[in-house]
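Content type mmCIF, C-alpha atoms, from the file model-v4.cif:
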data_upload
loop_
_atom_site.group_PDB
_atom_site.id
_atom_site.type_symbol
_atom_site.label_atom_id
_atom_site.label_comp_id
_atom_site.auth_asym_id
_atom_site.auth_seq_id
_atom_site.Cartn_x
_atom_site.Cartn_y
_atom_site.Cartn_z
ATOM 1 C CA ARG A 16 -9.344 79.705 57.994
ATOM 2 C CA GLN A 17 -7.985 78.066 61.100
ATOM 3 C CA SER A 18 -7.819 80.053 64.321
ATOM 4 C CA ARG A 19 -4.541 80.922 66.003
ATOM 5 C CA ALA A 20 -5.128 78.314 68.721
ATOM 6 C CA GLN A 21 -5.894 75.618 66.148
ATOM 7 C CA CYS A 22 -2.677 76.461 64.344
ATOM 8 C CA ARG A 23 -0.692 76.337 67.558
ATOM 9 C CA ALA A 24 -2.259 72.995 68.516
ATOM 10 C CA ARG A 25 -1.511 71.695 65.040
ATOM 11 C CA GLU A 26 2.089 72.897 65.302
ATOM 12 C CA LEU A 27 2.495 70.942 68.546
ATOM 13 C CA TRP A 28 0.913 67.877 66.991
ATOM 14 C CA LEU A 29 3.109 67.795 63.882
ATOM 15 C CA PRO A 30 6.086 65.893 65.394
ATOM 16 C CA ASN A 31 3.898 62.788 65.859
ATOM 17 C CA ASP A 32 4.249 62.117 62.119
ATOM 18 C CA GLN A 33 6.808 64.630 60.928
ATOM 19 C CA ALA A 34 7.319 63.375 57.385
ATOM 20 C CA MET A 35 3.669 63.414 56.450
ATOM 21 C CA ALA A 36 2.934 66.516 58.530
ATOM 22 C CA ASP A 37 5.570 68.610 56.733
ATOM 23 C CA GLU A 38 3.941 67.818 53.401
ATOM 24 C CA GLU A 39 0.517 68.716 54.770
ATOM 25 C CA LEU A 40 1.833 71.940 56.287
ATOM 26 C CA ALA A 41 3.470 72.960 52.999
ATOM 27 C CA ALA A 42 0.241 72.298 51.112
ATOM 28 C CA LEU A 43 -1.809 74.280 53.609
ATOM 29 C CA ARG A 44 0.581 77.223 53.511
ATOM 30 C CA GLU A 45 0.517 77.201 49.709
ATOM 31 C CA SER A 46 -3.287 77.343 49.759
ATOM 32 C CA SER A 47 -3.223 80.101 52.434
ATOM 33 C CA ALA A 48 -5.371 77.944 54.710
ATOM 34 C CA LEU A 49 -3.297 78.599 57.802
ATOM 35 C CA HIS A 50 -3.636 81.600 60.035
ATOM 36 C CA PRO A 51 -0.633 83.975 59.706
ATOM 37 C CA ALA A 52 0.120 83.421 63.395
ATOM 38 C CA CYS A 53 1.160 79.874 62.526
ATOM 39 C CA GLU A 54 4.219 81.228 60.789
ATOM 40 C CA GLU A 55 5.544 82.263 64.197
ATOM 41 C CA ALA A 56 7.201 79.824 66.548
ATOM 42 C CA ALA A 57 5.158 78.971 69.593
ATOM 43 C CA SER A 58 6.787 79.874 72.882
ATOM 44 C CA ASP A 59 7.107 77.529 75.861
ATOM 45 C CA GLU A 60 4.418 79.529 77.631
ATOM 46 C CA GLU A 61 2.058 79.010 74.706
ATOM 47 C CA HIS A 62 2.861 75.299 74.681
ATOM 48 C CA ASP A 63 1.941 75.020 78.364
ATOM 49 C CA GLU A 64 -1.182 77.123 77.931
ATOM 50 C CA ILE A 65 -2.414 75.025 75.029
ATOM 51 C CA PHE A 66 -1.590 71.804 76.892
ATOM 52 C CA ARG A 67 -3.689 72.899 79.879
ATOM 53 C CA HIS A 68 -6.554 73.977 77.649
ATOM 54 C CA LEU A 69 -6.537 70.743 75.638
ATOM 55 C CA TRP A 70 -6.137 68.659 78.781
ATOM 56 C CA TRP A 71 -9.268 70.087 80.396
ATOM 57 C CA ARG A 72 -11.302 69.558 77.231
ATOM 58 C CA VAL A 73 -10.066 66.057 76.287
ATOM 59 C CA VAL A 74 -8.617 64.094 79.212
ATOM 60 C CA PRO A 75 -11.457 64.387 81.803
ATOM 61 C CA VAL A 76 -13.944 62.730 79.432
ATOM 62 C CA LEU A 77 -11.547 59.848 78.783
ATOM 63 C CA TRP A 78 -10.650 59.699 82.477
ATOM 64 C CA LEU A 79 -14.287 59.372 83.524
ATOM 65 C CA GLY A 80 -14.865 56.724 80.873
ATOM 66 C CA TYR A 81 -11.927 54.681 82.115
ATOM 67 C CA VAL A 82 -13.161 54.939 85.706
ATOM 68 C CA LEU A 83 -16.506 53.495 84.590
ATOM 69 C CA ASN A 84 -14.629 50.902 82.567
ATOM 70 C CA ILE A 85 -12.777 49.671 85.654
ATOM 71 C CA VAL A 86 -15.959 49.684 87.748
ATOM 72 C CA ASP A 87 -17.962 47.648 85.228
ATOM 73 C CA ARG A 88 -15.075 45.252 84.723
ATOM 74 C CA THR A 89 -14.602 44.486 88.420
ATOM 75 C CA ASN A 90 -18.105 44.676 89.881
ATOM 76 C CA LEU A 91 -18.750 40.993 89.217
ATOM 77 C CA GLY A 92 -16.376 40.163 92.049
ATOM 78 C CA PHE A 93 -18.575 42.047 94.503
ATOM 79 C CA ALA A 94 -21.699 40.368 93.139
ATOM 80 C CA ALA A 95 -20.082 36.930 93.351
ATOM 81 C CA LEU A 96 -21.408 35.691 96.709
ATOM 82 C CA GLN A 97 -25.072 36.561 96.142
ATOM 83 C CA MET A 98 -24.899 35.537 92.476
ATOM 84 C CA GLN A 99 -23.427 32.121 93.239
ATOM 85 C CA GLN A 100 -26.142 31.484 95.797
ATOM 86 C CA ASP A 101 -29.023 32.656 93.587
ATOM 87 C CA LEU A 102 -27.850 30.917 90.400
ATOM 88 C CA ALA A 103 -26.466 27.805 92.120
ATOM 89 C CA LEU A 104 -23.019 28.387 90.595
ATOM 90 C CA THR A 105 -19.966 26.515 91.800
ATOM 91 C CA ALA A 106 -16.714 28.367 92.341
ATOM 92 C CA GLN A 107 -15.331 26.657 89.241
ATOM 93 C CA SER A 108 -18.227 27.637 86.958
ATOM 94 C CA PHE A 109 -18.125 31.201 88.236
ATOM 95 C CA GLY A 110 -14.378 31.381 87.595
ATOM 96 C CA VAL A 111 -14.786 30.055 84.056
ATOM 97 C CA ALA A 112 -17.498 32.637 83.353
ATOM 98 C CA SER A 113 -15.261 35.410 84.658
ATOM 99 C CA GLY A 114 -12.414 34.209 82.452
ATOM 100 C CA PHE A 115 -14.499 34.571 79.279
ATOM 101 C CA PHE A 116 -14.111 38.333 79.659
ATOM 102 C CA TYR A 117 -10.327 38.192 79.321
ATOM 103 C CA LEU A 118 -10.509 35.773 76.396
ATOM 104 C CA SER A 119 -12.456 38.155 74.175
ATOM 105 C CA TYR A 120 -10.704 41.222 75.630
ATOM 106 C CA GLY A 121 -7.312 39.902 74.556
ATOM 107 C CA LEU A 122 -8.470 38.715 71.149
ATOM 108 C CA MET A 123 -9.952 42.071 70.153
ATOM 109 C CA GLN A 124 -7.214 44.458 71.313
ATOM 110 C CA VAL A 125 -5.407 44.673 67.960
ATOM 111 C CA PRO A 126 -8.505 44.521 65.682
ATOM 112 C CA SER A 127 -10.213 47.264 67.697
ATOM 113 C CA ASN A 128 -7.188 49.541 67.368
ATOM 114 C CA HIS A 129 -7.119 48.928 63.625
ATOM 115 C CA LEU A 130 -10.795 49.853 63.474
ATOM 116 C CA ALA A 131 -10.095 53.097 65.354
ATOM 117 C CA SER A 132 -7.457 54.057 62.791
ATOM 118 C CA ARG A 133 -9.962 53.529 59.980
ATOM 119 C CA ILE A 134 -13.123 55.192 61.275
ATOM 120 C CA GLY A 135 -11.751 57.422 64.033
ATOM 121 C CA PRO A 136 -11.195 56.824 67.768
ATOM 122 C CA VAL A 137 -14.109 58.976 68.940
ATOM 123 C CA ARG A 138 -16.655 56.823 67.125
ATOM 124 C CA VAL A 139 -15.030 53.666 68.436
ATOM 125 C CA LEU A 140 -14.982 55.009 72.001
ATOM 126 C CA ALA A 141 -18.659 55.983 71.808
ATOM 127 C CA VAL A 142 -19.741 52.576 70.511
ATOM 128 C CA SER A 143 -17.481 50.762 72.997
ATOM 129 C CA THR A 144 -18.802 52.704 75.999
ATOM 130 C CA ILE A 145 -22.472 52.314 75.080
ATOM 131 C CA SER A 146 -21.961 48.615 74.315
ATOM 132 C CA TRP A 147 -20.213 47.682 77.532
ATOM 133 C CA GLY A 148 -22.717 49.676 79.589
ATOM 134 C CA ALA A 149 -25.591 47.818 77.914
ATOM 135 C CA VAL A 150 -23.913 44.435 78.372
ATOM 136 C CA SER A 151 -23.091 45.174 82.009
ATOM 137 C CA ALA A 152 -26.687 46.196 82.679
ATOM 138 C CA ALA A 153 -27.985 43.132 80.836
ATOM 139 C CA THR A 154 -25.873 40.895 83.085
ATOM 140 C CA SER A 155 -28.311 41.757 85.869
ATOM 141 C CA LEU A 156 -30.851 39.550 84.060
ATOM 142 C CA VAL A 157 -28.796 36.341 83.822
ATOM 143 C CA GLY A 158 -30.334 33.145 85.118
ATOM 144 C CA ASP A 159 -27.634 30.516 84.613
ATOM 145 C CA ALA A 160 -23.945 29.951 83.969
ATOM 146 C CA ALA A 161 -24.289 29.783 80.179
ATOM 147 C CA ALA A 162 -25.875 33.246 80.003
ATOM 148 C CA LEU A 163 -23.216 34.636 82.329
ATOM 149 C CA CYS A 164 -20.426 33.209 80.146
ATOM 150 C CA ALA A 165 -21.975 34.692 77.010
ATOM 151 C CA LEU A 166 -22.386 38.147 78.500
ATOM 152 C CA ARG A 167 -18.904 38.215 79.995
ATOM 153 C CA PHE A 168 -17.532 37.321 76.562
ATOM 154 C CA LEU A 169 -19.512 40.177 75.018
ATOM 155 C CA LEU A 170 -18.325 42.535 77.756
ATOM 156 C CA GLY A 171 -14.717 41.746 76.861
ATOM 157 C CA LEU A 172 -15.444 42.473 73.197
ATOM 158 C CA ALA A 173 -17.058 45.799 74.078
ATOM 159 C CA GLU A 174 -14.386 46.976 76.503
ATOM 160 C CA SER A 175 -11.387 45.883 74.417
ATOM 161 C CA ALA A 176 -11.562 48.955 72.183
ATOM 162 C CA PHE A 177 -11.660 51.538 74.950
ATOM 163 C CA TYR A 178 -8.144 51.726 76.394
ATOM 164 C CA PRO A 179 -6.228 51.534 73.090
ATOM 165 C CA GLY A 180 -8.757 53.952 71.585
ATOM 166 C CA CYS A 181 -8.048 56.445 74.372
ATOM 167 C CA LEU A 182 -4.293 56.232 73.812
ATOM 168 C CA PHE A 183 -4.786 56.655 70.078
ATOM 169 C CA LEU A 184 -6.944 59.737 70.594
ATOM 170 C CA LEU A 185 -4.471 61.246 73.052
ATOM 171 C CA SER A 186 -1.674 60.765 70.509
ATOM 172 C CA ARG A 187 -3.711 62.830 68.042
ATOM 173 C CA TRP A 188 -4.188 65.689 70.498
ATOM 174 C CA PHE A 189 -0.836 65.856 72.283
ATOM 175 C CA PRO A 190 2.688 66.028 70.839
ATOM 176 C CA PRO A 191 5.437 63.672 72.077
ATOM 177 C CA GLN A 192 6.736 66.223 74.608
ATOM 178 C CA SER A 193 3.288 66.453 76.239
ATOM 179 C CA LEU A 194 1.848 63.005 75.535
ATOM 180 C CA GLY A 195 3.574 61.370 78.493
ATOM 181 C CA ARG A 196 2.004 63.834 80.934
ATOM 182 C CA ALA A 197 -1.428 63.394 79.379
ATOM 183 C CA VAL A 198 -1.235 59.582 79.507
ATOM 184 C CA ALA A 199 0.062 59.629 83.097
ATOM 185 C CA LEU A 200 -2.835 61.795 84.244
ATOM 186 C CA PHE A 201 -5.290 59.645 82.311
ATOM 187 C CA ALA A 202 -3.867 56.474 83.879
ATOM 188 C CA THR A 203 -4.769 57.670 87.385
ATOM 189 C CA ALA A 204 -8.301 56.563 86.489
ATOM 190 C CA THR A 205 -7.188 52.985 87.196
ATOM 191 C CA SER A 206 -6.718 53.735 90.893
ATOM 192 C CA ALA A 207 -9.816 55.947 91.033
ATOM 193 C CA GLY A 208 -11.945 53.256 89.417
ATOM 194 C CA GLY A 209 -10.652 50.618 91.802
ATOM 195 C CA LEU A 210 -11.307 52.872 94.780
ATOM 196 C CA LEU A 211 -14.820 53.720 93.605
ATOM 197 C CA SER A 212 -15.643 50.093 92.906
ATOM 198 C CA THR A 213 -14.296 48.928 96.253
ATOM 199 C CA ALA A 214 -16.005 51.638 98.286
ATOM 200 C CA GLY A 215 -19.249 51.895 96.356
ATOM 201 C CA SER A 216 -20.183 48.451 95.077
ATOM 202 C CA GLY A 217 -20.648 46.787 98.449
ATOM 203 C CA LEU A 218 -22.607 49.761 99.777
ATOM 204 C CA LEU A 219 -24.816 49.862 96.694
ATOM 205 C CA MET A 220 -25.618 46.160 97.029
ATOM 206 C CA GLN A 221 -26.473 46.619 100.692
ATOM 207 C CA LEU A 222 -28.768 49.577 100.045
ATOM 208 C CA THR A 223 -30.614 48.028 97.124
ATOM 209 C CA ASP A 224 -30.893 44.406 98.232
ATOM 210 C CA GLY A 225 -34.562 43.472 98.289
ATOM 211 C CA VAL A 226 -35.819 46.689 96.670
ATOM 212 C CA ARG A 227 -38.887 45.725 94.588
ATOM 213 C CA GLY A 228 -38.066 42.135 95.414
ATOM 214 C CA VAL A 229 -34.793 42.231 93.443
ATOM 215 C CA ARG A 230 -31.482 41.068 94.848
ATOM 216 C CA GLY A 231 -28.706 43.585 95.412
ATOM 217 C CA TRP A 232 -26.285 42.058 92.879
ATOM 218 C CA ARG A 233 -28.802 42.590 90.082
ATOM 219 C CA TRP A 234 -29.284 46.232 91.060
ATOM 220 C CA LEU A 235 -25.500 46.633 91.257
ATOM 221 C CA LEU A 236 -24.887 45.453 87.693
ATOM 222 C CA LEU A 237 -27.828 47.430 86.332
ATOM 223 C CA LEU A 238 -27.083 50.736 88.054
ATOM 224 C CA GLU A 239 -23.347 50.632 87.365
ATOM 225 C CA GLY A 240 -23.934 49.946 83.672
ATOM 226 C CA LEU A 241 -26.272 52.874 83.017
ATOM 227 C CA PRO A 242 -23.703 55.716 83.481
ATOM 228 C CA ALA A 243 -21.522 54.197 80.751
ATOM 229 C CA ILE A 244 -24.444 54.264 78.310
ATOM 230 C CA ALA A 245 -25.068 57.930 79.092
ATOM 231 C CA LEU A 246 -21.387 58.854 78.717
ATOM 232 C CA GLY A 247 -21.084 56.954 75.445
ATOM 233 C CA ALA A 248 -24.076 58.800 74.013
ATOM 234 C CA CYS A 249 -22.455 62.138 74.909
ATOM 235 C CA THR A 250 -18.941 61.244 73.720
ATOM 236 C CA PRO A 251 -19.317 62.483 70.104
ATOM 237 C CA LEU A 252 -20.566 65.805 71.478
ATOM 238 C CA LEU A 253 -17.712 66.176 73.955
ATOM 239 C CA LEU A 254 -14.727 64.993 71.926
ATOM 240 C CA ALA A 255 -13.320 65.681 68.475
ATOM 241 C CA GLU A 256 -11.066 63.438 66.410
ATOM 242 C CA SER A 257 -8.217 66.003 66.289
ATOM 243 C CA PRO A 258 -7.528 69.722 66.868
ATOM 244 C CA GLU A 259 -8.449 70.464 63.248
ATOM 245 C CA ALA A 260 -11.883 68.916 63.675
ATOM 246 C CA THR A 261 -12.946 70.987 66.668
ATOM 247 C CA SER A 262 -14.865 74.228 66.833
ATOM 248 C CA TRP A 263 -14.126 75.248 70.425
ATOM 249 C CA LEU A 264 -10.514 76.201 69.629
ATOM 250 C CA ARG A 265 -11.776 78.996 67.390
ATOM 251 C CA GLY A 266 -11.479 82.298 69.131
ATOM 252 C CA TRP A 267 -9.166 80.891 71.817
ATOM 253 C CA PRO A 268 -7.021 82.382 73.156
ATOM 254 C CA PRO A 269 -8.765 85.757 72.911
#

Kindly return the structure encoded in the file as structure tokens.
Amino acid sequence: RQSRAQCRARELWLPNDQAMADEELAALRESSALHPACEEAASDEEHDEIFRHLWWRVVPVLWLGYVLNIVDRTNLGFAALQMQQDLALTAQSFGVASGFFYLSYGLMQVPSNHLASRIGPVRVLAVSTISWGAVSAATSLVGDAAALCALRFLLGLAESAFYPGCLFLLSRWFPPQSLGRAVALFATATSAGGLLSTAGSGLLMQLTDGVRGVRGWRWLLLLEGLPAIALGACTPLLLAESPEATSWLRGWPP
């Protein structure tokens, strides 16, 4: 049996696909799967309470992931000067390598969203986050322009699934009347990621340059890729595909 909070969350979620949801709700009521509390209409206060509870359990994980996404996407610009000197790259070759990211990123936006609808956004987000963290860290090992182009292309493939996957997951957790607020709060990660990258990348390069005989730009790419791997590994433990699939709504509210 579903808990009262799960039923309330489900009730809020139903308008996202009303035609199909009404059929599901009728079937669940017929089988007595729903908690009796679901027969009551949720008040505005309950809506707000559930929104806050869901927000704190869902959005911060996605927000942190998007911050890391922005950092790993933009840190190449901070590594540019040292990297060009060490790898003997011209401005043109460096620009071409950077552009490979956007080529694969654009190509995979729609296919990645289709994949999320088939296997679930949480799985896609976990794989995407681990993959881009690994690729970003591996970029610290490049020795020429060809390797840089290849890894930037792979980075675009890995990151392409993250943003649309986040929006898809949010649409599963929040109804239309709350989805706008959730997306707006999530989108603040763009500014936070830019601020963190701008303030932290240069300082990190300065502090690590020459440590163990390794240049600062290599440390930068390595150290900024590792947090994404850790977050991706934890994502399936922190997020659920939908309110029905979670266990932490049981027993809430008391």

Residues near range 146-160 of chain A, cut-off 6 Å, all atoms listed in the file, skip fewer than 5 positions along chain, as an NGL selection string: :A and (102 or 170 or 173-174 or 233 or 236-237 or 240-241 or 243-244)

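Closest approach to Arg187 in chain A from the set A:Gly208, A:Pro126, A:Pro136, A:Gly121 is made by A:Pro136, with distances taken over all atoms listed in the file.
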
d(CA of Ile145 in chain A, CA of Leu104 in chain A) in Å: 28.5 Å

Between CA of Asn128 in chain A and CA of Leu253 in chain A, what distance in Å does the model show, to one decimal?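 Distance between the two atoms: 20.8 Å.
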
Picked residues, the PyMOL selection byres ((chain A and resi 201) around 8), as a PDB file with C-alpha atoms, in the coordinates of the input:
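The resulting file, selection.pdb, is reproduced below:
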ATOM      1  CA  VAL A  74      -8.617  64.094  79.212  1.00  0.00           C
ATOM      2  CA  PRO A  75     -11.457  64.387  81.803  1.00  0.00           C
ATOM      3  CA  LEU A  77     -11.547  59.848  78.783  1.00  0.00           C
ATOM      4  CA  TRP A  78     -10.650  59.699  82.477  1.00  0.00           C
ATOM      5  CA  ALA A 197      -1.428  63.394  79.379  1.00  0.00           C
ATOM      6  CA  VAL A 198      -1.235  59.582  79.507  1.00  0.00           C
ATOM      7  CA  ALA A 199       0.062  59.629  83.097  1.00  0.00           C
ATOM      8  CA  LEU A 200      -2.835  61.795  84.244  1.00  0.00           C
ATOM      9  CA  ALA A 202      -3.867  56.474  83.879  1.00  0.00           C
ATOM     10  CA  THR A 203      -4.769  57.670  87.385  1.00  0.00           C
ATOM     11  CA  ALA A 204      -8.301  56.563  86.489  1.00  0.00           C
TER      12      ALA A 204
END

Between CA of Tyr117 in chain A and CA of Gln221 in chain A, what distance in Å does the model show, to one decimal?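 Here the two named atoms are 28.1 Å from each other.
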
List the spatial neighbours of Leu172 in chain A as a PDB file with C-alpha atoms, keeping the file's coordinate frame - criterion: any atom at most 9 Å away, only C-alpha atoms, same-chain residues fewer than 6 positions off excluded.
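Resulting contents of part.pdb:
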ATOM      1  CA  PHE A 116     -14.111  38.333  79.659  1.00  0.00           C
ATOM      2  CA  LEU A 118     -10.509  35.773  76.396  1.00  0.00           C
ATOM      3  CA  SER A 119     -12.456  38.155  74.175  1.00  0.00           C
ATOM      4  CA  TYR A 120     -10.704  41.222  75.630  1.00  0.00           C
ATOM      5  CA  GLY A 121      -7.312  39.902  74.556  1.00  0.00           C
ATOM      6  CA  LEU A 122      -8.470  38.715  71.149  1.00  0.00           C
ATOM      7  CA  MET A 123      -9.952  42.071  70.153  1.00  0.00           C
ATOM      8  CA  GLN A 124      -7.214  44.458  71.313  1.00  0.00           C
ATOM      9  CA  SER A 127     -10.213  47.264  67.697  1.00  0.00           C
ATOM     10  CA  SER A 143     -17.481  50.762  72.997  1.00  0.00           C
ATOM     11  CA  TRP A 147     -20.213  47.682  77.532  1.00  0.00           C
TER      12      TRP A 147
END

If the PyMOL selection byres ((chain A and resi 84-90) around 7) were run on this exact file, what residues would it hold? Put them as a list of chain:residue names.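 Taken over the shown coordinates, the PyMOL selection byres ((chain A and resi 84-90) around 7) returns A:Gly80, A:Tyr81, A:Val82, A:Leu83, A:Leu91, A:Gly92, A:Phe93, A:Ala94, A:Ser151, A:Thr205, A:Gly208, A:Gly209, A:Ser212, A:Ser216, A:Glu239, A:Gly240.
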
Keeping only C-alpha atoms, write the selected residues as a compact mmCIF listing (two decimals), in the coordinates of the input.
# COMPACT_ATOMS: atom_id res chain seq x y z
CA GLY A 80 -14.86 56.72 80.87
CA TYR A 81 -11.93 54.68 82.12
CA VAL A 82 -13.16 54.94 85.71
CA LEU A 83 -16.51 53.50 84.59
CA LEU A 91 -18.75 40.99 89.22
CA GLY A 92 -16.38 40.16 92.05
CA PHE A 93 -18.58 42.05 94.50
CA ALA A 94 -21.70 40.37 93.14
CA SER A 151 -23.09 45.17 82.01
CA THR A 205 -7.19 52.98 87.20
CA GLY A 208 -11.94 53.26 89.42
CA GLY A 209 -10.65 50.62 91.80
CA SER A 212 -15.64 50.09 92.91
CA SER A 216 -20.18 48.45 95.08
CA GLU A 239 -23.35 50.63 87.36
CA GLY A 240 -23.93 49.95 83.67

Sorted by chain and rising residue number, list the residues of range 151-172 of chain A at most 10 Å from range 108-112 of chain A (counting only C-alpha atoms), each with its closest atom pair and distance in Å to one decimal, as JSON lines.
{"residue": "A:Ala160", "atom": "CA", "partner": "A:Ser108", "partner_atom": "CA", "distance": 6.9}
{"residue": "A:Ala161", "atom": "CA", "partner": "A:Ala112", "partner_atom": "CA", "distance": 8.0}
{"residue": "A:Ala162", "atom": "CA", "partner": "A:Ala112", "partner_atom": "CA", "distance": 9.0}
{"residue": "A:Leu163", "atom": "CA", "partner": "A:Ala112", "partner_atom": "CA", "distance": 6.1}
{"residue": "A:Cys164", "atom": "CA", "partner": "A:Ala112", "partner_atom": "CA", "distance": 4.4}
{"residue": "A:Ala165", "atom": "CA", "partner": "A:Ala112", "partner_atom": "CA", "distance": 8.0}
{"residue": "A:Leu166", "atom": "CA", "partner": "A:Ala112", "partner_atom": "CA", "distance": 8.8}
{"residue": "A:Arg167", "atom": "CA", "partner": "A:Ala112", "partner_atom": "CA", "distance": 6.7}
{"residue": "A:Phe168", "atom": "CA", "partner": "A:Ala112", "partner_atom": "CA", "distance": 8.2}

Which of these residues is nearest to His129 in chain A, using only C-alpha atoms: A:Ala214, A:Val142, A:Ala176, A:Val229?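 Distance minimum relative to His129 in chain A lands on A:Ala176.
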